Amino acid sequence: MMKKLLKLSAIATLATATLATAGTLDDVKKAGVLKCGVNTGLPGFSEADSKGQWRGLDVDYCRALAAVVLGDASKVKYVPLNAKERFTALQSGEIDVLSRNTTDTETRDTSLGINFTGVMYYDGQGFMVPKALGVKSAKELDGATVCIQAGTTTELNLADYFRANGMKFKAITFDTNDQVTKAFVSGRCDVLTTDASGLYATRTKLANPDKYVVLPEIISKEPLAPAVRHGDDQWFDIAKWTRNALLTAEEKGLTMANVDDAKAKSTDPETRRLLGVEGDMCKNVGLDKECFYRAIKQVGNYGEIFERNVGVNTPLKIERGLNALWTKGGLQYSPPFR
Amino acid sequence: MPSFLRDEKVRGILYQIITIVLFVGFLFYIAQNTAHNIEQRGIKTGFDFLNATAGFDITESPIPFTPKSTHWDVFKVGLLNTLIVSFWGIVLSSLIGLLIGVWRLSPNWLISRIAAGYIETFRNIPVLLQILFWYNVVLATLPATRHSINLFDTVFINNRGFFMPEFVFGPGSWLIGAALFFAVVAIYFVNRWAKKRQEDTGEQFPVFLTGVILLILLPLLAYFLAGRPITAVYPELHGFNFKGGKTYTPEFLALLFALSIYTATFIGEAIRSGIEAVPKGQKEAATSLGLSPLQQLRLVVLPQAVRIAIPSIINQYLNLIKNSSLAAAIGYPELVTIFAGTSLNQTGQALEILLITMLTYLLISLIVSLILNWFNAKMKIKER
């Protein structure tokens, strides 16, 4: 019922939003807070801890953006959304940016009235099964019952994969990740499928993580990226270059700890431009030139964000893999700051 | 003030015109604004998406559905599932409701207390919680597939659902259908004859017993005459799950139980108030005629009670149909879950899909209330 109300209210806002909207940047500055749509609960990406503090990779992106725009990484209002609500929330202006492990696809980019800014995490869809089932490969899953979150690319990939391999399955769909996990644990289904990162994250939440295995197959490309509303290019640019700044900071070895030092002493021209010592970065999008410096100072570079939330020293134990910088054999690459 | 404005009638009409103009203007403004916002943000509109491939699968579907089916098929599956669960919900809640309503007035202290307890418990807990209770507490505690509760190797119960044999009708089955039809016709005539005889001679004939015997005996005879054409397909454990036979999923059962049990409390109360509204004299008259308590209930009290209860029972049926949309919480694939849920999210066309869904519910409810209002008019006491 709540969901329906939410959806209706979203449409109502779509209907009554004032005709001449000011830019998102002005709205955010005026409100003094960034409204960021995040996952309702996915360890490592977006989760409220015991003190009610939001933590995770997606959350840190929101914080970086708030630091860039408002000068303070803590000025974020988190709006937890399930997969079905997320796009309507962004379309209707309930949130300023959607940072919620969302896969960038052609259909979404072109028909939903949203734009994806840049990939924060390269992922792919995998399967998790109870060890007791004795399944070693996804190819052995013919006839299995699969628990899945409604309204995701995962749902579509699953059907494609089983169809391509001539196998049958039964999909049981739920609204939130928690419901999916609960159904999986209670034995309602044999298989849980979502993005591989989500599988590792979910496994940390289970009572007996060792009783479950993640199968080796990765069946899809899932580039997870933040999204903003279509038609506000200024805001899109800010969101896009915030992500690029975090990547470039890692490439240049700038961390939370040494960024002040680098700002004072660095002779590298691109570092100087990124930190606002030289040039007019950010000025064209209506911000002061220290905007990216603040994000690095308050939130850290991409590598720090990754290691802090999902890296090998966290319960998720995820290797950098595809998410290493391009200089280290990964895919993460930023256009130059020039 | 011009003189015509002093006329109360003219003023009344004027106010109405102003109201209508403002209202239409408001609607126009909303529509304009929505269209503008949608265009500005480049959101896709129109109904073309109905012919696009859905790409996802649906757990249970009364018609063939594959990921290659379209969003229009998704709509049809959702609608059918809504109708199926509503139909069985209405049947089940009516039966429970009738029983509870009668029990509530029973002179037996224990029975009337049980009925009262039932009503007060289930009607005061939100139905969404009841759905979640049945799904997460009752059905999830059933054993896993390999440790299913096995009833005579024919029915299997586990946390994936209830697996029952399915009957397959071979050639010659029509004979049994014909026999069933013949039995019904025969009962009709027996009933008419018995009534006439009772009116003429006052002697009673065991119509009910004869009916039951006819209903069982005739089809059974046909079954053997046709060479036993009906066979059963039993569910068998095959790989991960049971295959063959008929399956009722936990999602369907949880929704059906919760809706029926919840709605039955209101139907029970409606029936009770109906019974209490029948004047006491009616019952006394029936007693003085020598009718047994059961006969009094069946022949004198209930026909009048149901007549009084019908309007509020109609409301409960409509509520049940609308409440079935709460299935989204447990993933039963009805209209709201899959069409206004999954399809909406995969296509992003919230406006069109919600419009279709709301119109569909409106249409279902209007049709149901039309039928029941007709029934109500037919059942009313015909005053001459």
# chains A, B, ... in the order shown; residues from 1 in each chain; ligands from 1
>>> closest_atom_pairs(of="chain B", to="chain A", cutoff="8 Å", atoms="only C-alpha atoms", output="JSON lines")
{"residue": "B:Ile30", "atom": "CA", "partner": "A:Ala15", "partner_atom": "CA", "distance": 5.6}
{"residue": "B:Ala31", "atom": "CA", "partner": "A:Ala15", "partner_atom": "CA", "distance": 7.0}
{"residue": "B:Asn33", "atom": "CA", "partner": "A:Ala15", "partner_atom": "CA", "distance": 5.7}
{"residue": "B:Thr34", "atom": "CA", "partner": "A:Ala15", "partner_atom": "CA", "distance": 4.3}
{"residue": "B:His36", "atom": "CA", "partner": "A:Leu19", "partner_atom": "CA", "distance": 7.6}
{"residue": "B:Asn37", "atom": "CA", "partner": "A:Leu14", "partner_atom": "CA", "distance": 6.9}
{"residue": "B:Ile38", "atom": "CA", "partner": "A:Gly113", "partner_atom": "CA", "distance": 7.9}
{"residue": "B:Gln40", "atom": "CA", "partner": "A:Gly231", "partner_atom": "CA", "distance": 6.8}
{"residue": "B:Arg41", "atom": "CA", "partner": "A:Gly113", "partner_atom": "CA", "distance": 4.8}
{"residue": "B:Gly42", "atom": "CA", "partner": "A:Gly113", "partner_atom": "CA", "distance": 4.8}
{"residue": "B:Ile43", "atom": "CA", "partner": "A:Gly113", "partner_atom": "CA", "distance": 4.4}
{"residue": "B:Lys44", "atom": "CA", "partner": "A:Ser111", "partner_atom": "CA", "distance": 4.9}
{"residue": "B:Gly55", "atom": "CA", "partner": "A:Leu156", "partner_atom": "CA", "distance": 5.4}
{"residue": "B:Phe56", "atom": "CA", "partner": "A:Leu156", "partner_atom": "CA", "distance": 5.1}
{"residue": "B:Asp57", "atom": "CA", "partner": "A:Ala171", "partner_atom": "CA", "distance": 6.4}
{"residue": "B:Ile58", "atom": "CA", "partner": "A:Ala171", "partner_atom": "CA", "distance": 6.4}
{"residue": "B:Thr59", "atom": "CA", "partner": "A:Ala171", "partner_atom": "CA", "distance": 5.5}
{"residue": "B:Pro67", "atom": "CA", "partner": "A:Ala159", "partner_atom": "CA", "distance": 6.2}
{"residue": "B:Ala140", "atom": "CA", "partner": "A:Ser186", "partner_atom": "CA", "distance": 6.1}
{"residue": "B:Thr141", "atom": "CA", "partner": "A:Ser186", "partner_atom": "CA", "distance": 7.8}
{"residue": "B:Ala144", "atom": "CA", "partner": "A:Gly187", "partner_atom": "CA", "distance": 6.5}
{"residue": "B:Asn159", "atom": "CA", "partner": "A:Arg188", "partner_atom": "CA", "distance": 5.9}
{"residue": "B:Arg160", "atom": "CA", "partner": "A:Arg188", "partner_atom": "CA", "distance": 5.6}
{"residue": "B:Gly239", "atom": "CA", "partner": "A:Gly143", "partner_atom": "CA", "distance": 7.2}
{"residue": "B:Phe240", "atom": "CA", "partner": "A:Ala144", "partner_atom": "CA", "distance": 5.7}
{"residue": "B:Asn241", "atom": "CA", "partner": "A:Gly143", "partner_atom": "CA", "distance": 7.3}
{"residue": "B:Leu326", "atom": "CA", "partner": "A:Met1", "partner_atom": "CA", "distance": 6.7}
{"residue": "B:Ala328", "atom": "CA", "partner": "A:Asp175", "partner_atom": "CA", "distance": 7.7}
{"residue": "B:Ala329", "atom": "CA", "partner": "A:Asp175", "partner_atom": "CA", "distance": 7.3}
{"residue": "B:Ile330", "atom": "CA", "partner": "A:Phe174", "partner_atom": "CA", "distance": 6.6}
{"residue": "B:Gly331", "atom": "CA", "partner": "A:Phe174", "partner_atom": "CA", "distance": 5.4}
{"residue": "B:Gly341", "atom": "CA", "partner": "A:Lys84", "partner_atom": "CA", "distance": 6.8}
{"residue": "B:Thr342", "atom": "CA", "partner": "A:Gly151", "partner_atom": "CA", "distance": 5.0}
{"residue": "B:Ser343", "atom": "CA", "partner": "A:Gly151", "partner_atom": "CA", "distance": 7.6}
{"residue": "B:Asn345", "atom": "CA", "partner": "A:Gly151", "partner_atom": "CA", "distance": 5.1}
{"residue": "B:Gln346", "atom": "CA", "partner": "A:Gly151", "partner_atom": "CA", "distance": 5.9}
{"residue": "B:Thr347", "atom": "CA", "partner": "A:Leu112", "partner_atom": "CA", "distance": 7.9}
{"residue": "B:Gly348", "atom": "CA", "partner": "A:Leu112", "partner_atom": "CA", "distance": 5.7}
{"residue": "B:Gln349", "atom": "CA", "partner": "A:Leu112", "partner_atom": "CA", "distance": 7.8}
{"residue": "B:Ala350", "atom": "CA", "partner": "A:Thr88", "partner_atom": "CA", "distance": 7.7}
{"residue": "B:Leu351", "atom": "CA", "partner": "A:Ile11", "partner_atom": "CA", "distance": 7.1}
>>> residues_around(residues="Phe122 of chain B", least_positions_apart="5", cutoff="10 Å", atoms="only C-alpha atoms", output="count of residues only")
10
>>> select_by_dssp(residues="segment 13-233 of chain A", states="alpha helix (DSSP H)", output="PyMOL selection string")
chain A and resi 13-16+24-31+57-70+86-91+106-111+153-164+177-185+196-205+233
>>> atom_distance(atom1="atom CA of Leu214 of chain B", atom2="atom CA of Phe189 of chain B")
12.2 Å
>>> select_by_dssp(residues="segment 128-188 of chain B", states="strand (DSSP E or B)", output="PyMOL selection string")
chain B and resi 149-151+155-158+161-164+166-169
>>> write_last_selection(atoms="N, CA and C atoms", output="CSV table (one decimal), in the first residue's frame")
chain,number,residue,atom,x,y,z
B,149,ILE,N,6.1,-33.4,3.6
B,149,ILE,CA,5.1,-34.2,4.2
B,149,ILE,C,4.4,-35.0,3.1
B,150,ASN,N,4.4,-36.3,3.3
B,150,ASN,CA,3.9,-37.1,2.2
B,150,ASN,C,2.5,-37.8,2.7
B,151,LEU,N,1.5,-37.4,2.0
B,151,LEU,CA,0.2,-38.0,2.3
B,151,LEU,C,-0.2,-39.1,1.3
B,155,VAL,N,-0.4,-36.6,-2.2
B,155,VAL,CA,-0.3,-35.2,-1.9
B,155,VAL,C,1.0,-34.9,-1.2
B,156,PHE,N,1.8,-33.9,-1.6
B,156,PHE,CA,3.0,-33.6,-0.9
B,156,PHE,C,3.0,-32.1,-0.5
B,157,ILE,N,3.4,-31.9,0.7
B,157,ILE,CA,3.4,-30.5,1.3
B,157,ILE,C,4.8,-30.2,1.7
B,158,ASN,N,5.4,-29.1,1.1
B,158,ASN,CA,6.7,-28.6,1.6
B,158,ASN,C,6.7,-27.1,1.5
B,161,GLY,N,5.2,-25.3,-1.6
B,161,GLY,CA,3.8,-25.4,-1.9
B,161,GLY,C,3.1,-26.7,-1.7
B,162,PHE,N,1.9,-26.8,-2.1
B,162,PHE,CA,1.1,-28.0,-2.0
B,162,PHE,C,1.1,-28.7,-3.4
B,163,PHE,N,1.5,-29.9,-3.5
B,163,PHE,CA,1.6,-30.6,-4.7
B,163,PHE,C,0.5,-31.7,-4.7
B,164,MET,N,-0.4,-31.6,-5.7
B,164,MET,CA,-1.6,-32.6,-5.7
B,164,MET,C,-1.7,-33.2,-7.0
B,166,GLU,N,-3.2,-34.3,-10.5
B,166,GLU,CA,-4.0,-33.6,-11.5
B,166,GLU,C,-4.8,-34.7,-12.3
B,167,PHE,N,-6.1,-34.4,-12.5
B,167,PHE,CA,-6.8,-35.4,-13.3
B,167,PHE,C,-6.8,-35.1,-14.7
B,168,VAL,N,-6.6,-36.2,-15.5
B,168,VAL,CA,-6.5,-36.0,-16.9
B,168,VAL,C,-7.8,-36.7,-17.5
B,169,PHE,N,-8.5,-36.0,-18.3
B,169,PHE,CA,-9.7,-36.5,-18.8
B,169,PHE,C,-9.5,-37.1,-20.2
